[in-house]
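S.K.: Dumping the structure here so I can ask a few things about it.
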Amino acid sequence: MAPTDHSSSQQRLGQISSHLHPMSVSVFENVPQAPPDVIFSLTAQYKEDTHPQKINVGVGAFRTDELKPYVLPVVKKADAILFNDGSLDHEYLPIAGTASYTQAASKLILGADSPAIKEGRVAAVQTISGTGANHTGAAFLAQYYKKSPKCYISKPTWANHRNIFASVGFEVEEYPYWDANTRGLAYEQMLQTMRDAPNGSIFILHACAHNPTGVDPTQDQWKGIAQVMAQKGHFPFFDCAYQGFASGDLDRDAWAVRYFVEQGFELFVAQSFAKNFGLYGERAGNLTLVCKSPADTQRVLSQIEKLQRSEISNPPAYGSRIVNIVLNDAALYAEWKENLKYMSNRIIGMRKDLKDRLVQLGTPGTWDHITDQIGMFSFTGLKASQVKVLKEKYHIYMTDNGRVSMAGLSSGNIDYFAKAVDDVVRNVQ
């Protein structure tokens, strides 16, 4: 065989071998590239920006008026107690978490005098913050809730709601929530969707401080929502990430959940202590479940514990220990409520200041919705084209839907921000 023939034969053999060899092509070659997370991508862009007047109103984390992270004074005290506790160890927690923590968390959202607690119809598991509570509840419902395959989330909503419930197999639909004309709640459209949904559908409801709009139903509207859901046999799954942080009043922020329990609903509540304790990175959460009877409650809890064992084995200890100390100590609990008032009052103050400045500037449109809304976020009504100019011209970072984290505003940047908004409202369509 001529040398050239030998060379070409070897080449052909190599090509055949490469096709036959199991390691020649990655088993992951068809995995698509996921888009970056919007919020964390915005934060990264903000950090890279060197402009002296840059503003980040995208991330949902509380900041002081100096725009510094806030460690609650009561958390510092609880931290010191932990540090000086000679009996502390780092052993595994129970699968469902520390009982004194989960019980205190359930009492916080349901009320210490809740009839469901007194009747033994309440149980809870400690979770990886509110995200973990949503996921644990969703995973259980996907396996055992057979009334309807449909789950409804508000439009717009916290993006993770769709991701979590879709990932465990639910058909995720939307119910109208934001009325762009009134910049308030699309109440009647919301109720109609509930009436049209298959009986027994799951509805994800924001207990307070709706993310991203900052629009909450009134108590009378909550009563109307409960009435329709009862008629249709729908299952309420509350997500509560801002209790006490929204209005400064823990009981007021829990009113909707407690009303649904009083009306005889079985329900789940996902709780997060990221915002109201400032424990963002510690991932302290809780999933409270309310059932019809103590026997039902124990069976459901047993299956959720089994599920939890397979997913996280048992929850992390540090953040929950902080919360546990505060919720179970009368003096620290009272101090925590004062810390909450400081945080909520700063947010409320920024809302008033922003509205006042826009009114003073004569910015076209009405801006009452800024102060009518509640909690960390305000749905401004700004268009994506206007948001784009705010970022490119003024170095102001927010999500394309015009959602603003009020915690990113301060006495030092509120004038700059208001003038920038005034400019884009007047000049950008």
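Ordering of the structure tokens sets the chain letters (A, B, ...), residue numbers begin anew at 1 in every chain, and ligands are numbered from 1 in the order given.
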Which residues, written as a ChimeraX atom specification, have at least one atom at most 9 Å from Phe417 of chain A, with only C-alpha atoms counted and residues fewer than 5 positions away on the same chain left out?

M.R.: /A:55,354,394,396,409,422

S.K.: Quick one: residues within 9 Å of Val215 of chain A, only C-alpha atoms counted, chain neighbours fewer than 5 positions away excluded, as a list of chain:residue names?

M.R.: A:Tyr177, A:Trp178, A:Arg183, A:Gly184, A:Leu185, A:Cys208, A:Ala209, A:His210, A:His369, A:Asp372, A:Gln373, A:Ile374, A:Gly375, A:Ser378, A:Phe379

S.K.: I need the residue nearest Pro316 of chain A from this list: A:Ser411, A:Asn286, A:Asn427, A:Gln103. Use only C-alpha atoms for the distance.

M.R.: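 Selected residue with least distance to Pro316 of chain A: A:Asn286.
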
S.K.: With only C-alpha atoms as the basis for distance, which of A:Pro73, A:Gly365, A:Gly137, A:Gly200 is at the shortest distance from Ile304 of chain A?

M.R.: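 Of A:Pro73, A:Gly365, A:Gly137, A:Gly200, the one nearest Ile304 of chain A is A:Gly137, counting only C-alpha atoms.
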
S.K.: Can you measure atom CA of Ile128 of chain A to atom CA of Ala241 of chain A for me? One decimal in Å is fine.

M.R.: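 Distance between the two atoms: 12.7 Å.
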
S.K.: Extract, using only C-alpha atoms, all DNA, RNA and protein residues at most 10 Å from Gln308 of chain A, discarding same-chain residues fewer than 2 positions from it, and format them as a PyMOL selection string.

M.R.: chain A and resi 95-96+125-127+132+136+139-140+302-306+310-315

S.K.: So that I have them on file, write out the residues from the current selection with C-alpha atoms, as a PDB file, in the first residue's frame.

M.R.:
ATOM      1  CA  ILE A  95     -35.526  16.612  59.717  1.00  0.00           C
ATOM      2  CA  ALA A  96     -38.393  19.042  60.335  1.00  0.00           C
ATOM      3  CA  VAL A 125     -41.142  22.225  58.787  1.00  0.00           C
ATOM      4  CA  GLN A 126     -38.065  24.420  58.737  1.00  0.00           C
ATOM      5  CA  THR A 127     -37.001  25.193  55.180  1.00  0.00           C
ATOM      6  CA  GLY A 132     -37.396  26.326  50.043  1.00  0.00           C
ATOM      7  CA  THR A 136     -41.191  21.822  49.630  1.00  0.00           C
ATOM      8  CA  ALA A 139     -43.237  19.088  45.697  1.00  0.00           C
ATOM      9  CA  PHE A 140     -45.636  17.601  48.254  1.00  0.00           C
ATOM     10  CA  SER A 302     -44.908  12.629  57.870  1.00  0.00           C
ATOM     11  CA  GLN A 303     -44.800  12.771  54.072  1.00  0.00           C
ATOM     12  CA  ILE A 304     -43.281  16.251  54.011  1.00  0.00           C
ATOM     13  CA  GLU A 305     -40.587  15.049  56.414  1.00  0.00           C
ATOM     14  CA  LYS A 306     -39.918  12.106  54.098  1.00  0.00           C
ATOM     15  CA  SER A 310     -34.541  13.158  50.381  1.00  0.00           C
ATOM     16  CA  GLU A 311     -33.937  16.780  49.374  1.00  0.00           C
ATOM     17  CA  ILE A 312     -31.939  18.491  52.135  1.00  0.00           C
ATOM     18  CA  SER A 313     -31.766  15.778  54.826  1.00  0.00           C
ATOM     19  CA  ASN A 314     -32.160  18.431  57.523  1.00  0.00           C
ATOM     20  CA  PRO A 315     -32.150  22.234  57.588  1.00  0.00           C
TER      21      PRO A 315
END

S.K.: Write out as a ChimeraX atom specification all residues of segment 122-293 of chain A that backbone DSSP assigns to alpha helix (DSSP H).

M.R.: /A:129-144,159-167,187-196,219-232,250-253,255-262,274-277

S.K.: Please write the residues from the selection above to a file, keeping C-alpha atoms, as an mmCIF file, in the first residue's frame.

M.R.:
data_model
loop_
_atom_site.group_PDB
_atom_site.id
_atom_site.type_symbol
_atom_site.label_atom_id
_atom_site.label_comp_id
_atom_site.auth_asym_id
_atom_site.auth_seq_id
_atom_site.Cartn_x
_atom_site.Cartn_y
_atom_site.Cartn_z
ATOM 1 C CA SER A 129 -35.879 30.329 53.426
ATOM 2 C CA GLY A 130 -39.109 31.160 51.611
ATOM 3 C CA THR A 131 -37.888 29.673 48.342
ATOM 4 C CA GLY A 132 -37.396 26.326 50.043
ATOM 5 C CA ALA A 133 -40.793 26.578 51.718
ATOM 6 C CA ASN A 134 -42.445 27.148 48.346
ATOM 7 C CA HIS A 135 -40.543 24.269 46.792
ATOM 8 C CA THR A 136 -41.191 21.822 49.630
ATOM 9 C CA GLY A 137 -44.901 22.621 49.603
ATOM 10 C CA ALA A 138 -45.075 22.423 45.810
ATOM 11 C CA ALA A 139 -43.237 19.088 45.697
ATOM 12 C CA PHE A 140 -45.636 17.601 48.254
ATOM 13 C CA LEU A 141 -48.717 18.902 46.438
ATOM 14 C CA ALA A 142 -47.433 17.584 43.102
ATOM 15 C CA GLN A 143 -47.349 14.105 44.597
ATOM 16 C CA TYR A 144 -50.470 14.059 46.769
ATOM 17 C CA ALA A 159 -40.343 34.929 38.985
ATOM 18 C CA ASN A 160 -39.472 31.945 41.152
ATOM 19 C CA HIS A 161 -43.130 31.037 41.646
ATOM 20 C CA ARG A 162 -43.412 29.870 38.040
ATOM 21 C CA ASN A 163 -40.028 28.119 38.122
ATOM 22 C CA ILE A 164 -40.755 26.258 41.345
ATOM 23 C CA PHE A 165 -44.227 24.989 40.517
ATOM 24 C CA ALA A 166 -43.423 24.177 36.890
ATOM 25 C CA SER A 167 -40.333 22.222 37.964
ATOM 26 C CA TYR A 187 -59.759 42.730 41.413
ATOM 27 C CA GLU A 188 -62.732 41.771 39.261
ATOM 28 C CA GLN A 189 -60.550 40.140 36.606
ATOM 29 C CA MET A 190 -58.779 38.203 39.336
ATOM 30 C CA LEU A 191 -62.074 36.920 40.734
ATOM 31 C CA GLN A 192 -63.310 35.945 37.270
ATOM 32 C CA THR A 193 -60.199 33.864 36.656
ATOM 33 C CA MET A 194 -60.811 32.102 39.963
ATOM 34 C CA ARG A 195 -64.407 31.389 38.919
ATOM 35 C CA ASP A 196 -63.282 30.042 35.535
ATOM 36 C CA GLN A 219 -59.568 43.335 53.822
ATOM 37 C CA ASP A 220 -62.948 43.457 52.086
ATOM 38 C CA GLN A 221 -61.338 42.302 48.852
ATOM 39 C CA TRP A 222 -59.631 39.445 50.694
ATOM 40 C CA LYS A 223 -63.074 38.415 51.940
ATOM 41 C CA GLY A 224 -64.357 38.386 48.364
ATOM 42 C CA ILE A 225 -61.364 36.323 47.230
ATOM 43 C CA ALA A 226 -61.945 33.818 50.038
ATOM 44 C CA GLN A 227 -65.631 33.544 49.144
ATOM 45 C CA VAL A 228 -64.938 32.688 45.508
ATOM 46 C CA MET A 229 -62.156 30.265 46.418
ATOM 47 C CA ALA A 230 -64.449 28.489 48.879
ATOM 48 C CA GLN A 231 -67.193 28.184 46.257
ATOM 49 C CA LYS A 232 -64.726 26.645 43.803
ATOM 50 C CA LEU A 250 -47.005 41.854 62.345
ATOM 51 C CA ASP A 251 -50.717 41.216 62.896
ATOM 52 C CA ARG A 252 -51.894 43.490 60.108
ATOM 53 C CA ASP A 253 -49.554 41.823 57.622
ATOM 54 C CA TRP A 255 -54.544 39.307 58.446
ATOM 55 C CA ALA A 256 -55.367 37.563 55.170
ATOM 56 C CA VAL A 257 -53.852 34.239 56.222
ATOM 57 C CA ARG A 258 -55.672 34.302 59.559
ATOM 58 C CA TYR A 259 -58.965 35.159 57.875
ATOM 59 C CA PHE A 260 -58.678 32.192 55.510
ATOM 60 C CA VAL A 261 -57.988 29.887 58.481
ATOM 61 C CA GLU A 262 -61.047 31.283 60.288
ATOM 62 C CA ALA A 274 -34.705 37.032 55.075
ATOM 63 C CA LYS A 275 -36.312 40.471 54.992
ATOM 64 C CA ASN A 276 -37.867 40.931 58.417
ATOM 65 C CA PHE A 277 -34.743 39.686 60.230
#

S.K.: Return as a short mmCIF file (atom, residue, chain, number, x, y, z; two decimals) with N, CA and C atoms, in the first residue's frame the full set of residues in segment 168-222 of chain A whose backbone-based DSSP assignment is strand (DSSP E).

M.R.:
data_model
loop_
_atom_site.label_atom_id
_atom_site.label_comp_id
_atom_site.auth_asym_id
_atom_site.auth_seq_id
_atom_site.Cartn_x
_atom_site.Cartn_y
_atom_site.Cartn_z
N GLU A 171 -49.12 22.50 35.82
CA GLU A 171 -49.45 23.40 34.72
C GLU A 171 -49.64 24.78 35.35
N VAL A 172 -48.74 25.68 35.08
CA VAL A 172 -48.78 26.99 35.72
C VAL A 172 -49.52 28.00 34.84
N GLU A 173 -50.63 28.50 35.37
CA GLU A 173 -51.40 29.54 34.70
C GLU A 173 -51.25 30.85 35.47
N GLU A 174 -51.81 31.92 34.93
CA GLU A 174 -51.72 33.22 35.59
C GLU A 174 -53.11 33.77 35.86
N TYR A 175 -53.24 34.51 36.96
CA TYR A 175 -54.47 35.26 37.18
C TYR A 175 -54.13 36.76 37.16
N PRO A 176 -55.01 37.59 36.56
CA PRO A 176 -54.73 39.03 36.48
C PRO A 176 -54.57 39.62 37.87
N TRP A 178 -52.32 43.05 38.25
CA TRP A 178 -51.98 44.47 38.09
C TRP A 178 -52.85 45.11 37.02
N ASP A 179 -53.52 46.18 37.38
CA ASP A 179 -54.29 46.97 36.43
C ASP A 179 -53.46 48.17 36.03
N GLY A 184 -53.39 49.77 40.12
CA GLY A 184 -53.86 49.11 41.34
C GLY A 184 -54.21 47.67 41.05
N LEU A 185 -55.05 47.10 41.89
CA LEU A 185 -55.41 45.69 41.79
C LEU A 185 -56.48 45.45 40.73
N ILE A 202 -54.94 25.21 42.62
CA ILE A 202 -54.08 25.83 43.63
C ILE A 202 -53.81 27.26 43.22
N PHE A 203 -54.01 28.19 44.15
CA PHE A 203 -53.73 29.59 43.89
C PHE A 203 -52.65 30.08 44.84
N ILE A 204 -51.56 30.62 44.25
CA ILE A 204 -50.47 31.18 45.04
C ILE A 204 -50.84 32.64 45.34
N LEU A 205 -50.93 32.96 46.62
CA LEU A 205 -51.35 34.28 47.05
C LEU A 205 -50.25 34.93 47.89
N HIS A 206 -49.96 36.19 47.62
CA HIS A 206 -48.98 36.93 48.43
C HIS A 206 -49.69 37.47 49.67
#

S.K.: Report, in Å with one decimal, the straight-line distance from atom CA of Trp336 of chain A to atom CA of Thr98 of chain A.

M.R.: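 Atom-to-atom, atom CA of Trp336 of chain A to atom CA of Thr98 of chain A, that is 20.5 Å.
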
S.K.: For Ala207 of chain A, which residue among A:Leu327, A:Ile81, A:Ile347, A:Leu110 is the nearest when counting only C-alpha atoms?

M.R.: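 Closest candidate: A:Leu110.
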
S.K.: Set out as JSON lines a contact list for segment 285-375 of chain A and segment 86-89 of chain A with a cut-off of 12 Å, giving each residue of segment 285-375 of chain A that qualifies its closest atom pair and distance in Å to one decimal, counting only C-alpha atoms, ordered by chain and rising residue number.

M.R.:
{"residue": "A:Ala317", "atom": "CA", "partner": "A:Asp89", "partner_atom": "CA", "distance": 10.1}
{"residue": "A:Tyr318", "atom": "CA", "partner": "A:Leu88", "partner_atom": "CA", "distance": 10.8}
{"residue": "A:Arg321", "atom": "CA", "partner": "A:Leu88", "partner_atom": "CA", "distance": 10.4}
